[in-house]
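Note: the block below is final.pdb and it holds PDB, C-alpha atoms.
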MODEL        1
ATOM      1  CA  MET A   1      93.297 122.469  99.079
ATOM      2  CA  SER A   2      95.365 121.131 101.968
ATOM      3  CA  LEU A   3      96.650 117.592 102.367
ATOM      4  CA  LYS A   4      94.571 117.291 105.540
ATOM      5  CA  LYS A   5      91.346 118.005 103.635
ATOM      6  CA  ALA A   6      92.338 115.661 100.810
ATOM      7  CA  THR A   7      93.061 112.917 103.345
ATOM      8  CA  ALA A   8      89.707 113.523 105.054
ATOM      9  CA  LEU A   9      87.941 113.153 101.687
ATOM     10  CA  ILE A  10      89.781 109.886 100.999
ATOM     11  CA  ILE A  11      88.940 108.480 104.441
ATOM     12  CA  LEU A  12      85.277 109.453 104.076
ATOM     13  CA  ILE A  13      84.980 107.676 100.716
ATOM     14  CA  LEU A  14      86.792 104.601 102.046
ATOM     15  CA  ILE A  15      84.455 104.388 105.051
ATOM     16  CA  ILE A  16      81.306 104.693 102.919
ATOM     17  CA  ASP A  17      82.679 102.206 100.389
ATOM     18  CA  GLN A  18      83.713  99.565 102.910
ATOM     19  CA  VAL A  19      80.634  99.934 105.135
ATOM     20  CA  SER A  20      78.376  99.452 102.107
ATOM     21  CA  LYS A  21      80.371  96.395 100.970
ATOM     22  CA  PHE A  22      80.401  94.812 104.430
ATOM     23  CA  TYR A  23      76.650  95.352 104.721
ATOM     24  CA  ILE A  24      75.965  93.734 101.358
ATOM     25  CA  LYS A  25      78.333  90.842 101.994
ATOM     26  CA  LEU A  26      76.835  90.099 105.431
ATOM     27  CA  ASN A  27      73.168  90.501 104.457
ATOM     28  CA  PHE A  28      72.791  89.390 100.818
ATOM     29  CA  GLU A  29      73.286  86.158  98.950
ATOM     30  CA  LEU A  30      75.112  86.442  95.639
ATOM     31  CA  GLY A  31      72.613  87.567  93.000
ATOM     32  CA  GLU A  32      70.046  88.807  95.524
ATOM     33  CA  GLN A  33      68.512  92.186  94.814
ATOM     34  CA  ILE A  34      66.153  94.800  96.242
ATOM     35  CA  LYS A  35      64.177  97.121  93.985
ATOM     36  CA  VAL A  36      64.444 100.625  95.455
ATOM     37  CA  PHE A  37      62.912 102.295  92.407
ATOM     38  CA  GLU A  38      62.062 100.973  88.980
ATOM     39  CA  TRP A  39      65.305 102.524  87.727
ATOM     40  CA  PHE A  40      67.500 101.760  90.762
ATOM     41  CA  ARG A  41      68.207  98.448  92.485
ATOM     42  CA  ILE A  42      70.610  97.047  95.044
ATOM     43  CA  LEU A  43      72.020  93.958  93.308
ATOM     44  CA  PHE A  44      74.839  91.941  94.872
ATOM     45  CA  ILE A  45      77.431  90.635  92.446
ATOM     46  CA  GLU A  46      81.159  90.005  92.766
ATOM     47  CA  ASN A  47      83.660  91.193  90.210
ATOM     48  CA  LYS A  48      86.620  88.859  89.785
ATOM     49  CA  GLY A  49      88.513  91.114  87.412
ATOM     50  CA  MET A  50      88.602  94.660  86.129
ATOM     51  CA  ALA A  51      85.833  97.062  85.226
ATOM     52  CA  TRP A  52      83.052  95.757  82.985
ATOM     53  CA  GLY A  53      83.861  92.208  84.130
ATOM     54  CA  ALA A  54      87.045  91.961  82.051
ATOM     55  CA  GLN A  55      89.558  89.443  83.366
ATOM     56  CA  ILE A  56      93.187  88.532  82.809
ATOM     57  CA  PRO A  57      93.142  84.878  81.705
ATOM     58  CA  GLY A  58      95.111  82.141  83.413
ATOM     59  CA  ASP A  59      95.567  80.892  86.960
ATOM     60  CA  TYR A  60      97.650  83.921  87.902
ATOM     61  CA  GLY A  61      95.428  86.542  86.263
ATOM     62  CA  LYS A  62      93.853  87.722  89.508
ATOM     63  CA  LEU A  63      97.235  87.860  91.264
ATOM     64  CA  ILE A  64      98.719  89.921  88.417
ATOM     65  CA  LEU A  65      95.798  92.347  88.527
ATOM     66  CA  THR A  66      95.952  92.822  92.293
ATOM     67  CA  THR A  67      99.732  93.241  92.225
ATOM     68  CA  PHE A  68      99.400  95.881  89.508
ATOM     69  CA  ARG A  69      96.870  97.763  91.628
ATOM     70  CA  LEU A  70      99.185  97.650  94.635
ATOM     71  CA  ILE A  71     102.063  99.022  92.559
ATOM     72  CA  ALA A  72      99.921 101.764  91.005
ATOM     73  CA  LEU A  73      98.524 103.046  94.324
ATOM     74  CA  PRO A  74     101.795 104.609  95.623
ATOM     75  CA  PHE A  75     102.170 106.487  92.334
ATOM     76  CA  LEU A  76      98.670 107.931  92.800
ATOM     77  CA  GLY A  77      99.601 108.829  96.370
ATOM     78  CA  TYR A  78     102.737 110.620  95.217
ATOM     79  CA  TRP A  79     100.775 112.474  92.535
ATOM     80  CA  LEU A  80      98.354 113.682  95.215
ATOM     81  CA  TRP A  81     101.116 114.706  97.621
ATOM     82  CA  ASP A  82     103.041 116.500  94.873
ATOM     83  CA  SER A  83      99.907 118.311  93.693
ATOM     84  CA  VAL A  84      99.248 119.604  97.210
ATOM     85  CA  ARG A  85     102.916 120.552  97.648
ATOM     86  CA  LYS A  86     102.859 122.576  94.430
ATOM     87  CA  ASN A  87      99.582 124.221  95.450
ATOM     88  CA  SER A  88      97.901 122.878  92.304
ATOM     89  CA  SER A  89      94.297 123.612  91.434
ATOM     90  CA  ARG A  90      91.567 122.444  93.784
ATOM     91  CA  ILE A  91      89.924 120.457  90.987
ATOM     92  CA  LEU A  92      93.112 118.473  90.363
ATOM     93  CA  ILE A  93      93.577 117.649  94.047
ATOM     94  CA  VAL A  94      89.933 116.626  94.479
ATOM     95  CA  ALA A  95      90.049 114.498  91.306
ATOM     96  CA  VAL A  96      93.256 112.690  92.309
ATOM     97  CA  SER A  97      91.878 112.178  95.834
ATOM     98  CA  LEU A  98      88.743 110.555  94.404
ATOM     99  CA  ILE A  99      90.749 108.285  92.100
ATOM    100  CA  PHE A 100      93.106 107.318  94.933
ATOM    101  CA  ALA A 101      90.226 106.563  97.316
ATOM    102  CA  GLY A 102      88.394 104.489  94.699
ATOM    103  CA  ALA A 103      91.482 102.494  93.793
ATOM    104  CA  PHE A 104      92.293 101.931  97.473
ATOM    105  CA  GLY A 105      88.725 100.795  98.197
ATOM    106  CA  ASN A 106      88.771  98.098  95.522
ATOM    107  CA  ILE A 107      92.290  97.024  96.513
ATOM    108  CA  ILE A 108      91.010  96.277 100.027
ATOM    109  CA  ASP A 109      88.484  93.855  98.507
ATOM    110  CA  SER A 110      91.080  92.176  96.323
ATOM    111  CA  VAL A 111      93.672  91.787  99.065
ATOM    112  CA  PHE A 112      91.569  90.868 102.111
ATOM    113  CA  TYR A 113      88.042  89.697 101.238
ATOM    114  CA  GLY A 114      89.078  86.227 100.116
ATOM    115  CA  LYS A 115      90.450  85.562 103.612
ATOM    116  CA  ILE A 116      87.990  87.367 105.880
ATOM    117  CA  PHE A 117      84.689  86.299 104.269
ATOM    118  CA  SER A 118      83.124  82.959 103.407
ATOM    119  CA  HIS A 119      81.569  82.592  99.962
ATOM    120  CA  SER A 120      78.118  83.988  99.141
ATOM    121  CA  TYR A 121      76.762  81.253  96.858
ATOM    122  CA  ASN A 122      73.252  80.348  98.091
ATOM    123  CA  GLN A 123      74.107  81.728 101.520
ATOM    124  CA  VAL A 124      74.865  84.934 103.363
ATOM    125  CA  ALA A 125      78.595  85.163 104.001
ATOM    126  CA  THR A 126      80.101  85.168 107.468
ATOM    127  CA  PHE A 127      82.938  87.368 108.690
ATOM    128  CA  MET A 128      86.159  85.595 109.734
ATOM    129  CA  PRO A 129      84.718  82.066 109.320
ATOM    130  CA  GLU A 130      86.367  79.308 111.364
ATOM    131  CA  ALA A 131      86.824  77.175 108.251
ATOM    132  CA  GLY A 132      88.639  79.999 106.485
ATOM    133  CA  GLY A 133      87.630  82.384 103.718
ATOM    134  CA  TYR A 134      86.582  81.597 100.185
ATOM    135  CA  GLY A 135      90.014  82.450  98.795
ATOM    136  CA  THR A 136      93.537  83.478  99.686
ATOM    137  CA  TRP A 137      95.348  86.761 100.170
ATOM    138  CA  LEU A 138      95.327  88.889  96.983
ATOM    139  CA  HIS A 139      92.567  86.746  95.449
ATOM    140  CA  GLY A 140      89.448  88.417  96.829
ATOM    141  CA  ASN A 141      86.502  89.475  94.660
ATOM    142  CA  VAL A 142      85.342  93.093  94.481
ATOM    143  CA  VAL A 143      81.822  93.596  95.839
ATOM    144  CA  ASP A 144      79.435  95.520  93.557
ATOM    145  CA  MET A 145      75.864  96.506  94.353
ATOM    146  CA  LEU A 146      74.664  99.685  92.612
ATOM    147  CA  TYR A 147      72.491  98.936  89.594
ATOM    148  CA  PHE A 148      70.663 101.531  87.492
ATOM    149  CA  PRO A 149      68.568  99.855  84.752
ATOM    150  CA  LEU A 150      67.274 103.210  83.476
ATOM    151  CA  TRP A 151      65.551 101.646  80.476
ATOM    152  CA  SER A 152      64.873  98.108  79.308
ATOM    153  CA  GLY A 153      63.129  96.921  76.188
ATOM    154  CA  TYR A 154      63.472  95.619  72.661
ATOM    155  CA  LEU A 155      65.427  97.785  70.261
ATOM    156  CA  PRO A 156      63.783  98.836  66.967
ATOM    157  CA  GLU A 157      64.383  96.453  64.091
ATOM    158  CA  TRP A 158      65.985  99.180  61.960
ATOM    159  CA  ILE A 159      69.040  99.488  64.277
ATOM    160  CA  PRO A 160      72.029  97.663  62.692
ATOM    161  CA  LEU A 161      73.375  94.543  64.436
ATOM    162  CA  TRP A 162      71.274  94.895  67.613
ATOM    163  CA  GLY A 163      67.862  95.585  66.105
ATOM    164  CA  GLY A 164      65.178  93.474  67.766
ATOM    165  CA  ASP A 165      67.415  92.477  70.705
ATOM    166  CA  TYR A 166      66.444  93.059  74.325
ATOM    167  CA  PHE A 167      68.574  95.881  75.719
ATOM    168  CA  THR A 168      69.087  97.423  79.163
ATOM    169  CA  PHE A 169      70.530 100.886  79.734
ATOM    170  CA  PHE A 170      72.459 101.296  82.075
ATOM    171  CA  GLU A 171      73.520  97.659  82.705
ATOM    172  CA  PRO A 172      76.853  97.683  84.640
ATOM    173  CA  VAL A 173      76.746  97.038  88.398
ATOM    174  CA  PHE A 174      79.294  99.032  90.377
ATOM    175  CA  ASN A 175      80.211 100.287  93.854
ATOM    176  CA  ILE A 176      81.134 103.501  95.683
ATOM    177  CA  ALA A 177      84.831 103.080  94.856
ATOM    178  CA  ASP A 178      84.048 102.758  91.146
ATOM    179  CA  SER A 179      81.905 105.897  91.386
ATOM    180  CA  ALA A 180      84.747 107.853  93.002
ATOM    181  CA  ILE A 181      87.165 106.820  90.253
ATOM    182  CA  THR A 182      84.651 107.708  87.533
ATOM    183  CA  VAL A 183      83.923 111.143  89.021
ATOM    184  CA  GLY A 184      87.649 111.817  89.433
ATOM    185  CA  VAL A 185      88.417 110.951  85.811
ATOM    186  CA  PHE A 186      85.374 112.958  84.686
ATOM    187  CA  LEU A 187      86.671 116.052  86.507
ATOM    188  CA  LEU A 188      90.098 115.712  84.890
ATOM    189  CA  ILE A 189      88.588 115.414  81.407
ATOM    190  CA  VAL A 190      85.847 118.047  81.605
ATOM    191  CA  PHE A 191      87.828 120.598  83.632
ATOM    192  CA  ASN A 192      91.182 119.801  82.062
ATOM    193  CA  LYS A 193      92.274 123.429  81.669
ATOM    194  CA  LYS A 194      91.411 124.244  85.282
ATOM    195  CA  ALA A 195      93.026 121.058  86.567
ATOM    196  CA  PHE A 196      96.223 121.680  84.582
ATOM    197  CA  PRO A 197      96.438 125.467  84.167
ATOM    198  CA  GLU A 198      99.187 126.760  81.924
ATOM    199  CA  ASP A 199     101.634 128.844  83.970
ATOM    200  CA  GLN A 200     102.824 132.260  82.879
ATOM    201  CA  LYS A 201     106.221 131.005  81.639
ATOM    202  CA  GLN A 202     104.578 128.431  79.381
ATOM    203  CA  LYS A 203     102.195 131.067  78.031
ATOM    204  CA  GLU A 204     105.084 133.408  77.145
ATOM    205  CA  GLU A 205     107.026 130.590  75.429
ATOM    206  CA  ARG A 206     103.949 129.615  73.422
ATOM    207  CA  LYS A 207     103.373 133.227  72.357
ATOM    208  CA  LYS A 208     107.004 133.472  71.156
ATOM    209  CA  LYS A 209     106.611 130.327  69.066
ATOM    210  CA  VAL A 210     103.420 131.645  67.484
ATOM    211  CA  SER A 211     104.942 135.050  66.711
TER     212      SER A 211
ENDMDL
END

Can you turn what I pasted into structure tokens?
Amino acid sequence: MSLKKATALIILILIIDQVSKFYIKLNFELGEQIKVFEWFRILFIENKGMAWGAQIPGDYGKLILTTFRLIALPFLGYWLWDSVRKNSSRILIVAVSLIFAGAFGNIIDSVFYGKIFSHSYNQVATFMPEAGGYGTWLHGNVVDMLYFPLWSGYLPEWIPLWGGDYFTFFEPVFNIADSAITVGVFLLIVFNKKAFPEDQKQKEERKKKVS
């Protein structure tokens, strides 16, 4: 897979991710939702930290997280470039492209959204408000909107710890960037041998060790 195709894939994901986030931010109040199907809803929330709502405590937690993302992105970019240069497997290049695009998409939120949008509490946000954004550079919240409550109900009493509790599967709310990262990691795990094929020299060395 060429670098041009990998770049096109990244740009496509970034466009879909950012268009969907802009639409939600400029048309939904925080917490507003639309039921598309019983098992799929558009629900606007903002994630102030990492995946699953985890956060780094302290006043500088958000800044540390965003800075870490900015530092990690060039390493992902180099991994992608090096994989293309070495003519690595198509699965590896696609997976790294997806992870890079997803990370880049969420970084855009973290770096810029606090300055270019007003807040969404009990109102629909405005773009480039005269009074300024809801935050500062590097302190933006990540916009999430995809919600798949596939099943909701009370768990049987015989289940340890959670028996009798109300439970929803699948509860996390995420976005296109999160999906790209998840698919990329999934490809690396499931197709590990195809993504990282053992070259002939390594095979011969391993055979010698065994014999």

### Shortest interatomic distance to Leu12 in chain A - which of A:Tyr134, A:Val143, A:Ala101, A:Leu155, counting only C-alpha atoms
A:Ala101

### Task
Report as a list in words the full result of the PyMOL selection byres ((chain A and resi 177) around 9) when it is applied to this structure.
Ile13, Leu14, Ile16, Asp17, Gln18, Leu98, Ile99, Ala101, Gly102, Ala103, Phe104, Gly105, Asn106, Phe174, Asn175, Ile176, Asp178, Ser179, Ala180, Ile181 and Thr182 of chain A

For the residues selected in the previous step, produce a file with C-alpha atoms as an mmCIF file, keeping the file's coordinate frame.
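This is the output file result-v1.cif:
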data_model
loop_
_atom_site.group_PDB
_atom_site.id
_atom_site.type_symbol
_atom_site.label_atom_id
_atom_site.label_comp_id
_atom_site.auth_asym_id
_atom_site.auth_seq_id
_atom_site.Cartn_x
_atom_site.Cartn_y
_atom_site.Cartn_z
ATOM 1 C CA ILE A 13 84.980 107.676 100.716
ATOM 2 C CA LEU A 14 86.792 104.601 102.046
ATOM 3 C CA ILE A 16 81.306 104.693 102.919
ATOM 4 C CA ASP A 17 82.679 102.206 100.389
ATOM 5 C CA GLN A 18 83.713 99.565 102.910
ATOM 6 C CA LEU A 98 88.743 110.555 94.404
ATOM 7 C CA ILE A 99 90.749 108.285 92.100
ATOM 8 C CA ALA A 101 90.226 106.563 97.316
ATOM 9 C CA GLY A 102 88.394 104.489 94.699
ATOM 10 C CA ALA A 103 91.482 102.494 93.793
ATOM 11 C CA PHE A 104 92.293 101.931 97.473
ATOM 12 C CA GLY A 105 88.725 100.795 98.197
ATOM 13 C CA ASN A 106 88.771 98.098 95.522
ATOM 14 C CA PHE A 174 79.294 99.032 90.377
ATOM 15 C CA ASN A 175 80.211 100.287 93.854
ATOM 16 C CA ILE A 176 81.134 103.501 95.683
ATOM 17 C CA ASP A 178 84.048 102.758 91.146
ATOM 18 C CA SER A 179 81.905 105.897 91.386
ATOM 19 C CA ALA A 180 84.747 107.853 93.002
ATOM 20 C CA ILE A 181 87.165 106.820 90.253
ATOM 21 C CA THR A 182 84.651 107.708 87.533
#

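Residue nearest Thr67 in chain A, chosen from A:Tyr23, A:Phe100, A:Trp137, A:Phe28 and counting all atoms listed in the file: A:Trp137.
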
### Task
Can you give me, as a VMD selection string, the residues this file yields under the PyMOL selection byres ((chain A and resi 27) around 10)?
chain A and resid 21 to 26 28 to 30 32 44 120 123 to 126

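Closest approach to Phe191 in chain A among A:Arg85, A:Arg90, A:His139, A:Lys48: A:Arg90, based on all atoms listed in the file.
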
### Task
Go ahead and find all residues with at least one atom no further than 8 Å from (74.1, 96.3, 93.8) in the file's coordinates, using all atoms listed in the file; report them as a list in words.
Gln33, Arg41, Ile42, Leu43, Phe44, Ile45, Asp144, Met145, Leu146, Tyr147, Val173, Phe174 and Asn175 of chain A

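Here the question is which of A:Met128, A:Leu63, A:Met1, A:Ile107 gets nearest to Val142 in chain A using all atoms listed in the file, and that residue is A:Ile107.
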
### Task
Tell me, in Å to one decimal, how far CA of Tyr121 in chain A is from CA of Gly140 in chain A.
14.6 Å

### Task
Could you jot down the CA of Val183 in chain A to CA of Val96 in chain A separation for me, Å, one decimal place?
10.0 Å

### Message
Every residue with an atom at most 6 Å from (91.9, 87.7, 98.7) (file coordinates; all atoms listed in the file) is what I'm after, so could you write them as an MDAnalysis selection string?
### Response
chainID A and resid 110:115 135:140

### Query
Any idea what the distance is between CA of Ile10 in chain A and CA of Glu46 in chain A?
23.2 Å

### Query
Which neighbours of Glu38 in chain A fall inside 9 Å, counting all atoms listed in the file, when residues of the same chain fewer than 5 positions from it are skipped, and could you give them as a ChimeraX atom specification?
/A:148-150

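With distances restricted to only C-alpha atoms, A:Leu70 is the closest residue to Ile108 in chain A from A:Ile64, A:Val36, A:Leu161, A:Leu70.
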
### For Gly77 in chain A, the nearest of the candidates A:Asn47, A:Thr7, A:Asn122, A:Ser20, counting all atoms listed in the file
A:Thr7

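Put simply, the PyMOL selection byres ((chain A and resi 80) around 9) on this file hits Leu3, Ala6, Phe75, Leu76, Gly77, Tyr78, Trp79, Trp81, Asp82, Ser83, Val84, Arg85, Leu92, Ile93, Val94, Val96, Ser97 and Phe100 of chain A.
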